[in-house]
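The structure file protein-v5.csv is reproduced below (CSV, C-alpha atoms and all ligand atoms).
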```
chain,number,residue,atom,x,y,z
A,235,MET,CA,57.1,-122.6,180.2
A,236,ASN,CA,59.7,-120.2,178.7
A,237,ILE,CA,61.2,-117.3,180.5
A,238,ALA,CA,63.0,-114.6,178.5
A,239,LEU,CA,66.1,-113.4,180.3
A,240,ILE,CA,66.4,-109.8,179.0
A,241,TYR,CA,69.9,-108.4,179.3
A,242,ASP,CA,72.7,-106.3,177.8
A,243,ILE,CA,75.7,-107.5,179.7
A,244,ALA,CA,75.9,-111.1,181.0
A,245,ARG,CA,77.6,-111.4,184.3
A,246,TRP,CA,77.7,-113.9,187.2
A,247,GLU,CA,74.1,-113.1,188.0
A,248,GLU,CA,72.7,-113.9,184.5
A,249,ARG,CA,74.7,-117.2,184.4
A,250,ALA,CA,73.3,-118.1,187.8
A,251,LEU,CA,69.7,-117.4,186.7
A,252,LEU,CA,70.2,-119.7,183.6
A,253,GLU,CA,71.7,-122.4,185.8
A,254,ALA,CA,68.9,-122.1,188.4
A,255,SER,CA,66.3,-122.5,185.6
A,256,ARG,CA,68.2,-125.5,184.2
A,257,LYS,CA,68.1,-127.2,187.7
A,258,LEU,CA,64.4,-126.4,188.0
A,259,SER,CA,63.7,-127.8,184.5
A,260,VAL,CA,62.4,-124.4,183.4
A,261,ASN,CA,63.3,-123.0,179.9
A,262,MET,CA,65.0,-119.7,180.1
A,263,THR,CA,66.1,-118.1,176.9
A,264,PRO,CA,68.8,-115.4,177.0
A,265,LEU,CA,67.7,-112.4,175.1
A,266,HIS,CA,70.5,-109.9,174.3
A,267,VAL,CA,68.8,-106.6,173.7
A,268,LYS,CA,71.7,-105.1,171.8
A,269,SER,CA,71.5,-107.9,169.2
A,270,LYS,CA,67.9,-107.1,168.3
A,271,VAL,CA,65.9,-104.6,166.2
A,272,PHE,CA,62.6,-103.6,167.8
A,273,PRO,CA,59.5,-102.4,165.9
A,274,VAL,CA,57.6,-100.0,168.1
A,275,GLU,CA,54.6,-102.4,168.2
A,276,GLY,CA,57.0,-104.7,170.0
A,277,LEU,CA,58.8,-107.9,169.3
A,278,ARG,CA,56.8,-111.0,169.7
A,279,GLU,CA,59.0,-113.4,171.7
A,280,ASN,CA,58.2,-117.0,172.2
A,281,ALA,CA,58.1,-116.4,176.0
A,282,ASP,CA,55.5,-116.5,178.8
A,283,ILE,CA,57.2,-114.0,180.9
A,284,GLY,CA,60.4,-111.9,180.9
A,285,LEU,CA,62.9,-110.9,183.5
A,286,GLN,CA,64.6,-107.6,183.0
A,287,ARG,CA,68.3,-107.7,183.8
A,288,SER,CA,69.9,-105.0,181.7
A,289,LEU,CA,72.6,-103.1,183.5
A,290,SER,CA,72.1,-99.9,181.5
A,291,HIS,CA,69.2,-97.9,183.0
A,292,ALA,CA,68.2,-96.5,179.6
A,293,LEU,CA,68.2,-100.0,178.0
A,294,ALA,CA,66.3,-101.6,180.9
A,295,LEU,CA,63.5,-99.1,180.6
A,296,SER,CA,63.2,-98.9,176.9
A,297,SER,CA,63.4,-102.6,176.2
A,298,THR,CA,60.8,-103.3,178.9
A,299,VAL,CA,58.5,-100.8,177.3
A,300,LEU,CA,58.9,-102.5,173.9
A,301,PHE,CA,58.4,-106.0,175.3
A,302,GLU,CA,55.3,-104.9,177.1
A,303,SER,CA,54.1,-103.3,173.9
A,304,SER,CA,54.1,-106.8,172.3
A,305,GLY,CA,52.1,-108.2,175.2
A,306,LEU,CA,54.9,-109.8,177.1
A,307,ARG,CA,54.7,-109.5,180.9
A,308,VAL,CA,58.0,-108.3,182.2
A,309,VAL,CA,59.4,-108.3,185.7
A,310,ASN,CA,59.8,-105.6,186.8
A,311,THR,CA,57.3,-103.6,184.9
A,312,SER,CA,58.4,-100.5,183.0
A,313,LYS,CA,56.5,-98.4,185.4
A,314,ALA,CA,58.2,-99.9,188.5
A,315,ILE,CA,61.6,-99.6,186.7
A,316,SER,CA,61.2,-96.0,185.9
A,317,LEU,CA,60.1,-95.2,189.5
A,318,ALA,CA,63.0,-97.0,191.0
A,319,GLN,CA,65.5,-95.5,188.7
A,320,ASP,CA,64.5,-92.0,189.7
A,321,LYS,CA,65.6,-91.4,193.3
A,322,LEU,CA,63.4,-88.4,193.7
A,323,TRP,CA,60.3,-90.2,192.5
A,324,THR,CA,61.2,-93.1,194.8
A,325,LEU,CA,61.6,-90.9,197.9
A,326,THR,CA,58.3,-89.1,197.2
A,327,LEU,CA,56.4,-92.4,196.9
A,328,LEU,CA,58.0,-93.9,200.0
A,329,SER,CA,57.3,-90.8,202.0
A,330,LYS,CA,53.6,-90.7,200.7
A,331,ALA,CA,53.3,-94.4,201.9
A,332,GLY,CA,54.5,-93.4,205.4
A,333,ILE,CA,57.8,-95.1,205.0
A,334,PRO,CA,60.7,-93.4,206.9
A,335,THR,CA,63.4,-92.1,204.6
A,336,PRO,CA,66.5,-89.9,205.1
A,337,LYS,CA,65.6,-86.2,205.2
A,338,THR,CA,66.0,-85.0,201.6
A,339,VAL,CA,65.7,-81.7,199.9
A,340,VAL,CA,65.7,-81.1,196.1
A,341,ALA,CA,67.3,-78.1,194.5
A,342,PHE,CA,67.3,-77.0,190.9
A,343,SER,CA,70.1,-74.5,191.0
A,344,GLU,CA,73.5,-74.0,192.8
A,345,GLN,CA,72.1,-71.3,195.0
A,346,SER,CA,69.2,-73.4,196.1
A,347,ALA,CA,71.5,-76.3,196.7
A,348,MET,CA,73.6,-74.2,199.1
A,349,GLU,CA,70.4,-73.1,200.9
A,350,ALA,CA,69.2,-76.7,201.0
A,351,ALA,CA,72.4,-77.9,202.6
A,352,LYS,CA,71.9,-75.2,205.3
A,353,MET,CA,68.4,-76.4,205.9
A,354,ILE,CA,69.5,-80.0,206.4
A,355,GLY,CA,72.7,-79.2,208.2
A,356,TYR,CA,76.2,-80.4,207.4
A,357,PRO,CA,77.5,-83.0,206.7
A,358,VAL,CA,75.1,-83.6,203.7
A,359,VAL,CA,75.1,-86.2,200.9
A,360,VAL,CA,74.7,-84.7,197.4
A,361,LYS,CA,73.5,-87.0,194.7
A,362,PRO,CA,72.0,-87.0,191.2
A,363,VAL,CA,68.4,-88.0,190.7
A,364,ASN,CA,69.4,-90.9,188.5
A,365,GLY,CA,72.7,-92.4,189.5
A,366,SER,CA,74.1,-95.9,189.7
A,367,TRP,CA,76.6,-97.8,191.7
A,368,GLY,CA,77.1,-94.7,193.9
A,369,LYS,CA,78.5,-92.7,191.1
A,370,LEU,CA,78.6,-88.9,191.6
A,371,VAL,CA,77.5,-89.2,195.2
A,372,SER,CA,79.5,-86.9,197.5
A,373,LEU,CA,79.6,-86.5,201.2
A,374,VAL,CA,80.0,-82.8,201.9
A,375,GLU,CA,81.2,-81.3,205.2
A,376,ASP,CA,80.8,-77.5,204.6
A,377,ASP,CA,79.8,-74.6,202.3
A,378,GLU,CA,83.2,-74.3,200.7
A,379,THR,CA,83.3,-78.0,199.6
A,380,LEU,CA,79.7,-77.9,198.4
A,381,ARG,CA,80.5,-74.9,196.2
A,382,VAL,CA,83.4,-76.7,194.6
A,383,ILE,CA,81.3,-79.8,193.9
A,384,LEU,CA,78.5,-77.8,192.4
A,385,GLU,CA,80.9,-75.9,190.2
A,386,HIS,CA,82.4,-79.1,189.0
A,387,LYS,CA,78.9,-80.5,188.3
A,388,ALA,CA,78.1,-77.3,186.3
A,389,PHE,CA,80.6,-78.6,183.6
A,390,ILE,CA,78.6,-81.9,183.1
A,391,SER,CA,76.3,-81.1,180.2
A,392,ASN,CA,73.6,-83.7,181.2
A,393,PRO,CA,70.7,-81.6,182.5
A,394,GLN,CA,69.9,-84.5,184.9
A,395,PHE,CA,72.9,-83.5,186.9
A,396,LYS,CA,71.5,-80.0,187.5
A,397,ILE,CA,68.9,-81.5,189.8
A,398,HIS,CA,70.5,-81.9,193.2
A,399,LEU,CA,69.3,-84.2,195.9
A,400,ILE,CA,70.6,-83.0,199.2
A,401,GLN,CA,70.2,-85.5,201.9
A,402,GLU,CA,71.1,-85.7,205.5
A,403,TYR,CA,74.1,-87.9,206.3
A,404,VAL,CA,72.6,-90.7,208.4
A,405,ARG,CA,75.1,-91.8,211.1
A,406,LYS,CA,74.7,-95.4,210.3
A,407,PRO,CA,76.8,-97.9,212.2
A,408,GLY,CA,79.5,-98.4,209.4
A,409,ARG,CA,77.1,-100.5,207.4
A,410,ASP,CA,73.8,-100.5,205.6
A,411,ILE,CA,71.3,-103.2,204.8
A,412,ARG,CA,70.4,-104.6,201.4
A,413,VAL,CA,67.1,-106.5,201.7
A,414,PHE,CA,65.8,-108.6,198.8
A,415,VAL,CA,62.1,-108.8,198.0
A,416,VAL,CA,60.7,-111.4,195.7
A,417,GLY,CA,56.9,-111.2,195.2
A,418,ASP,CA,55.5,-110.9,198.7
A,419,GLU,CA,58.5,-112.6,200.4
A,420,VAL,CA,61.6,-111.1,201.9
A,421,PRO,CA,64.0,-114.1,201.6
A,422,VAL,CA,67.4,-112.7,202.4
A,423,ALA,CA,69.4,-109.7,203.4
A,424,ILE,CA,73.0,-108.6,203.8
A,425,TYR,CA,74.9,-106.0,205.6
A,426,ARG,CA,77.2,-104.0,203.5
A,427,VAL,CA,80.1,-103.0,205.7
A,428,SER,CA,82.7,-100.4,204.9
A,429,SER,CA,84.9,-97.9,206.6
A,430,HIS,CA,84.1,-95.7,203.7
A,431,TRP,CA,80.7,-94.0,204.0
A,432,ILE,CA,79.5,-95.4,200.7
A,433,THR,CA,78.8,-99.0,201.6
A,434,ASN,CA,77.8,-100.2,198.1
A,435,THR,CA,79.6,-103.5,197.4
A,436,ALA,CA,80.3,-102.4,193.8
A,437,ARG,CA,82.5,-99.8,195.5
A,438,GLY,CA,84.4,-102.3,197.6
A,439,GLY,CA,82.0,-102.6,200.6
A,440,LEU,CA,82.1,-106.0,202.4
A,441,ALA,CA,79.0,-108.2,202.4
A,442,MET,CA,77.8,-110.2,205.5
A,443,PRO,CA,74.6,-112.0,206.2
A,444,ALA,CA,72.0,-109.9,208.0
A,445,PRO,CA,69.0,-111.0,210.0
A,446,ILE,CA,65.5,-109.9,208.9
A,447,ASP,CA,63.4,-109.0,211.9
A,448,GLU,CA,59.7,-108.5,211.5
A,449,GLU,CA,60.0,-104.7,211.3
A,450,LEU,CA,62.6,-104.8,208.5
A,451,GLY,CA,60.6,-107.5,206.6
A,452,ASN,CA,57.4,-105.5,206.8
A,453,LEU,CA,59.2,-102.3,205.8
A,454,ALA,CA,60.8,-103.9,202.8
A,455,LEU,CA,57.4,-105.2,201.6
A,456,LYS,CA,55.7,-101.9,202.1
A,457,ALA,CA,58.5,-100.1,200.2
A,458,SER,CA,58.4,-102.5,197.3
A,459,GLU,CA,54.6,-102.2,197.2
A,460,ALA,CA,54.8,-98.4,197.1
A,461,LEU,CA,56.8,-98.6,193.8
A,462,GLY,CA,55.2,-101.7,192.5
A,463,VAL,CA,58.5,-103.6,192.2
A,464,GLU,CA,58.3,-107.4,192.3
A,465,VAL,CA,61.9,-108.4,192.4
A,466,SER,CA,64.1,-105.8,194.1
A,467,GLY,CA,67.0,-104.9,196.4
A,468,ILE,CA,66.0,-102.4,199.0
A,469,ASP,CA,68.7,-100.2,200.6
A,470,VAL,CA,68.0,-99.5,204.3
A,471,PHE,CA,70.0,-97.4,206.8
A,472,GLU,CA,69.9,-97.9,210.5
A,473,ASP,CA,69.6,-94.6,212.3
A,474,PRO,CA,70.5,-94.7,216.0
A,475,GLU,CA,67.3,-92.8,217.0
A,476,ARG,CA,64.8,-93.3,214.2
A,477,GLY,CA,65.6,-96.9,213.4
A,478,TYR,CA,65.2,-98.2,209.8
A,479,LEU,CA,65.2,-95.7,206.9
A,480,VAL,CA,64.6,-96.7,203.3
A,481,ASN,CA,67.1,-95.0,201.0
A,482,GLU,CA,66.8,-96.6,197.6
A,483,ILE,CA,65.1,-99.3,195.7
A,484,ASN,CA,66.9,-101.2,192.9
A,485,ALA,CA,64.7,-102.8,190.2
A,486,VAL,CA,67.6,-104.7,188.7
A,487,PRO,CA,69.6,-105.7,191.7
A,488,ASP,CA,73.1,-107.2,191.8
A,489,PHE,CA,73.1,-110.4,194.0
A,490,ARG,CA,76.4,-112.1,193.5
A,491,ASN,CA,77.8,-111.1,196.9
A,492,THR,CA,74.5,-111.9,198.6
A,493,VAL,CA,74.5,-115.5,197.3
A,494,ALA,CA,78.3,-115.8,198.1
A,495,VAL,CA,78.0,-114.8,201.8
A,496,THR,CA,74.5,-116.2,202.6
A,497,GLY,CA,74.5,-119.3,200.5
A,498,TYR,CA,70.8,-118.5,199.8
A,499,ASP,CA,69.7,-119.6,196.3
A,500,LEU,CA,68.2,-116.2,195.3
A,501,PRO,CA,68.3,-117.1,191.5
A,502,ALA,CA,66.1,-120.1,192.2
A,503,LYS,CA,63.7,-118.0,194.2
A,504,MET,CA,63.4,-115.6,191.3
A,505,VAL,CA,62.8,-118.3,188.8
A,506,GLU,CA,60.1,-119.9,190.9
A,507,TYR,CA,58.4,-116.5,191.3
A,508,LEU,CA,58.5,-116.0,187.5
A,509,VAL,CA,57.0,-119.5,186.9
A,510,ARG,CA,54.2,-118.7,189.3
A,511,GLU,CA,53.5,-115.4,187.8
A,512,ALA,CA,53.5,-116.7,184.2
A,513,LYS,CA,50.9,-119.3,185.2
A,514,ARG,CA,48.6,-116.8,186.7
B,696,MET,CA,86.4,-124.8,173.3
B,697,PRO,CA,86.4,-121.8,170.9
B,698,GLN,CA,89.1,-119.2,171.2
B,699,ALA,CA,89.4,-115.6,170.5
B,700,ARG,CA,92.2,-113.0,170.7
B,701,CYS,CA,92.5,-110.5,173.5
B,702,PRO,CA,92.5,-107.0,172.0
B,703,ILE,CA,94.7,-105.8,174.8
B,704,CYS,CA,97.5,-108.4,175.2
B,705,GLY,CA,97.1,-110.3,172.0
B,706,ARG,CA,97.1,-113.7,173.7
B,707,ASN,CA,94.4,-116.3,173.2
B,708,VAL,CA,91.2,-116.2,175.4
B,709,GLN,CA,89.3,-119.5,176.2
B,710,VAL,CA,85.7,-118.9,175.4
B,711,PRO,CA,83.0,-121.2,176.8
B,712,GLU,CA,81.1,-123.3,174.3
B,713,ASP,CA,77.8,-121.7,175.3
B,714,VAL,CA,79.1,-118.2,175.4
B,715,LEU,CA,76.5,-115.4,175.3
B,716,PRO,CA,76.6,-112.2,173.4
B,717,GLY,CA,77.4,-109.5,175.9
B,718,GLU,CA,79.1,-111.9,178.3
B,719,VAL,CA,81.9,-110.6,180.4
B,720,LEU,CA,85.1,-112.7,180.3
B,721,ASP,CA,88.0,-111.8,182.6
B,722,HIS,CA,91.3,-112.4,180.9
B,723,GLU,CA,94.6,-113.4,182.6
B,724,CYS,CA,96.2,-110.1,181.7
B,725,GLY,CA,93.7,-108.4,184.0
B,726,VAL,CA,91.3,-106.9,181.5
B,727,SER,CA,87.5,-107.5,181.4
B,728,LEU,CA,86.3,-108.3,177.9
B,729,GLU,CA,82.8,-108.1,176.4
B,730,VAL,CA,81.8,-110.8,173.9
B,731,VAL,CA,80.5,-109.5,170.7
B,732,ILE,CA,79.0,-112.1,168.3
B,733,ASP,CA,79.1,-110.7,164.7
B,734,GLY,CA,77.8,-113.0,162.0
B,735,GLY,CA,78.6,-116.1,164.1
B,736,LYS,CA,82.1,-114.9,164.7
B,737,ILE,CA,83.2,-114.3,168.3
B,738,LEU,CA,85.0,-111.0,168.9
B,739,LEU,CA,86.2,-109.5,172.2
B,740,LYS,CA,86.4,-105.9,173.1
B,741,PRO,CA,87.5,-104.2,176.4
B,742,LEU,CA,84.4,-103.8,178.6
B,743,GLU,CA,83.5,-100.2,178.9
B,744,ILE,CA,81.4,-99.4,182.0
B,745,GLY,CA,78.4,-97.3,180.9
B,746,GLU,CA,77.5,-94.0,182.6
B,747,ASP,CA,74.1,-95.4,183.5
B,748,TRP,CA,75.0,-98.9,184.5
B,749,GLY,CA,74.3,-100.5,187.7
B,750,GLU,CA,72.0,-100.4,190.7
A,801,ZN,ZN,94.6,-110.1,177.6
```
Serialized structure, structure tokens:
Amino acid sequence: MNIALIYDIARWEERALLEASRKLSVNMTPLHVKSKVFPVEGLRENADIGLQRSLSHALALSSTVLFESSGLRVVNTSKAISLAQDKLWTLTLLSKAGIPTPKTVVAFSEQSAMEAAKMIGYPVVVKPVNGSWGKLVSLVEDDETLRVILEHKAFISNPQFKIHLIQEYVRKPGRDIRVFVVGDEVPVAIYRVSSHWITNTARGGLAMPAPIDEELGNLALKASEALGVEVSGIDVFEDPERGYLVNEINAVPDFRNTVAVTGYDLPAKMVEYLVREAKR
Amino acid sequence: MPQARCPICGRNVQVPEDVLPGEVLDHECGVSLEVVIDGGKILLKPLEIGEDWGE
């Protein structure tokens, strides 16, 4: 059994995965995508399965496509990764699957974005379709501020940033929930607590263990199924009236804080899943 | 333990024996360094966070 650990930047998470494999007597080979040259027919690696851990969205998707082209099974699949990276695509699939999400409107111009914000009602959250670590996400209180933000965005040449997701601001109780799904299990979850409205731990939010009730567990499984992700971190808001709302799905989730505050051996859980899948 | 020079403060950086290309090392001067292995030689460069990095 050999697992390829596909990565660009090695952080605590990648070290923890290598360590977990060692403890389970499973071979895991680190595969640094930036050190390789890939023919389009793919690179035949001496591996039974791969785990995609690249931090760069572009690298994660392209390298998964290339490994799959050579016949290597990669977790998550390129399809699941591309769906999860695109917040609009994610929300449409969740909504189609009957999963509650924050009210969201999409606008392709500044004028439509202004109109969209009126439809949703201030305050609104404005975000790009493909963002990461909460970058370029703004909480907007009124027309005037929204106009300034849109004008600022007009200077970013990347056409991706001309697509505006305008979302209702969910009055969550100073925290959101990150739920981990591995295969058909929901092993662990954390609260991300912050006085700032972006509770992302990469942005300084504090992590705390969170209980997983039946409803949350089922919702997380249903959400991961809707995108076809196998190993994921699902971001859930708690709305005072509507209950759980699924906001985002991460196909290459950070888990250092989760392991630190829960003590749960998530890396081992992931390795065990990969071994099971490789044997299928 | 192999050593390399910090491109920011110029002091030595302790590099683990099993260091990986792309590994992030935090130096005592406060900078995060990315390991680049070039022809078997270990080089360090300041970690630059990519626009599309992260969850
Ligand atoms: Zn230094």
Kindly compile the residues surrounding ligand ZN 801 (chain A) within 9 Å, counting all atoms listed in the file, and format them as a compact mmCIF listing (two decimals) with C-alpha atoms, in the coordinates of the input.
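The new file selection-v8.txt reads:
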```txt
# COMPACT_ATOMS: atom_id res chain seq x y z
CA ARG B 700 92.20 -113.00 170.70
CA CYS B 701 92.50 -110.50 173.50
CA PRO B 702 92.50 -107.00 172.00
CA ILE B 703 94.70 -105.80 174.80
CA CYS B 704 97.50 -108.40 175.20
CA GLY B 705 97.10 -110.30 172.00
CA ARG B 706 97.10 -113.70 173.70
CA ASN B 707 94.40 -116.30 173.20
CA VAL B 708 91.20 -116.20 175.40
CA ASP B 721 88.00 -111.80 182.60
CA HIS B 722 91.30 -112.40 180.90
CA GLU B 723 94.60 -113.40 182.60
CA CYS B 724 96.20 -110.10 181.70
CA GLY B 725 93.70 -108.40 184.00
CA VAL B 726 91.30 -106.90 181.50
CA SER B 727 87.50 -107.50 181.40
CA LEU B 728 86.30 -108.30 177.90
```
Residues of chain A near chain B: apply a cut-off of 10 Å, count all atoms listed in the file, and supply the list as number ranges by chain.
-> A: 241-246, 248-249, 264-269, 288-294, 318-319, 364-369, 434, 436, 467, 482-488
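For Met696 (chain B), the non-local neighbours within 8 Å, defined as residues at least 3 positions apart in the same chain or in other chains and counting only C-alpha atoms, are B:Gln709, B:Val710, B:Pro711, B:Glu712.
The space between CA of Gly284 (chain A) and CA of Ala441 (chain A) spans 28.7 Å.
If you measure from each of A:Phe301, A:Phe489, A:Phe272, A:Trp323 to Val415 (chain A) using all atoms listed in the file, the closest one turns out to be A:Phe489.
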Correct to one decimal, the distance CA of Ser466 (chain A)-CA of Val416 (chain A) is 6.7 Å
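Picture a line from CA of Leu300 (chain A) to CA of Asn481 (chain A); it runs 29.3 Å.
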Quiz item: Hey, what's within 8 Å of region 468-477 of chain A if we count all atoms listed in the file and toss same-chain stuff fewer than 2 positions away? As a ChimeraX atom specification, please?
Solution: /A:404-407,409-415,454,457-458,466,479-484
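Ranking A:Lys270, A:Lys330, A:Arg278, A:Lys503 by their shortest atom-to-atom distance to Gly417 (chain A), with only C-alpha atoms included, puts A:Lys503 first.
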Test item: residues at most 12 Å from Asp499 (chain A), all atoms listed in the file, excluding those fewer than 5 positions along its chain, as a PDB file with C-alpha atoms, in the frame of the given file:
```pdb
ATOM      1  CA  GLU A 247      74.100-113.100 188.000  1.00  0.00           C
ATOM      2  CA  ALA A 250      73.300-118.100 187.800  1.00  0.00           C
ATOM      3  CA  LEU A 251      69.700-117.400 186.700  1.00  0.00           C
ATOM      4  CA  GLU A 253      71.700-122.400 185.800  1.00  0.00           C
ATOM      5  CA  ALA A 254      68.900-122.100 188.400  1.00  0.00           C
ATOM      6  CA  SER A 255      66.300-122.500 185.600  1.00  0.00           C
ATOM      7  CA  LYS A 257      68.100-127.200 187.700  1.00  0.00           C
ATOM      8  CA  LEU A 258      64.400-126.400 188.000  1.00  0.00           C
ATOM      9  CA  PHE A 414      65.800-108.600 198.800  1.00  0.00           C
ATOM     10  CA  PRO A 421      64.000-114.100 201.600  1.00  0.00           C
ATOM     11  CA  VAL A 422      67.400-112.700 202.400  1.00  0.00           C
ATOM     12  CA  PHE A 489      73.100-110.400 194.000  1.00  0.00           C
ATOM     13  CA  ARG A 490      76.400-112.100 193.500  1.00  0.00           C
ATOM     14  CA  ASN A 491      77.800-111.100 196.900  1.00  0.00           C
ATOM     15  CA  THR A 492      74.500-111.900 198.600  1.00  0.00           C
ATOM     16  CA  VAL A 493      74.500-115.500 197.300  1.00  0.00           C
ATOM     17  CA  ALA A 494      78.300-115.800 198.100  1.00  0.00           C
ATOM     18  CA  MET A 504      63.400-115.600 191.300  1.00  0.00           C
ATOM     19  CA  VAL A 505      62.800-118.300 188.800  1.00  0.00           C
ATOM     20  CA  GLU A 506      60.100-119.900 190.900  1.00  0.00           C
TER      21      GLU A 506
END
```
Fewer than 4 positions away in the same chain doesn't count, so skip those; otherwise give me all residues within 9 Å of Ser303 (chain A), counting all atoms listed in the file, as a count of residues only.
6
Q.
Excluding Arg514 (chain A) and its own-chain neighbours fewer than 3 positions away, which residues fall within 12 Å of it when counting all atoms listed in the file? Please give them as a ChimeraX atom specification.
A. /A:282-283,307,507-511
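Nearest residue to Met235 (chain A), choosing from A:Leu440, A:Val360, A:Ala512, A:Tyr498 and counting all atoms listed in the file: A:Ala512.
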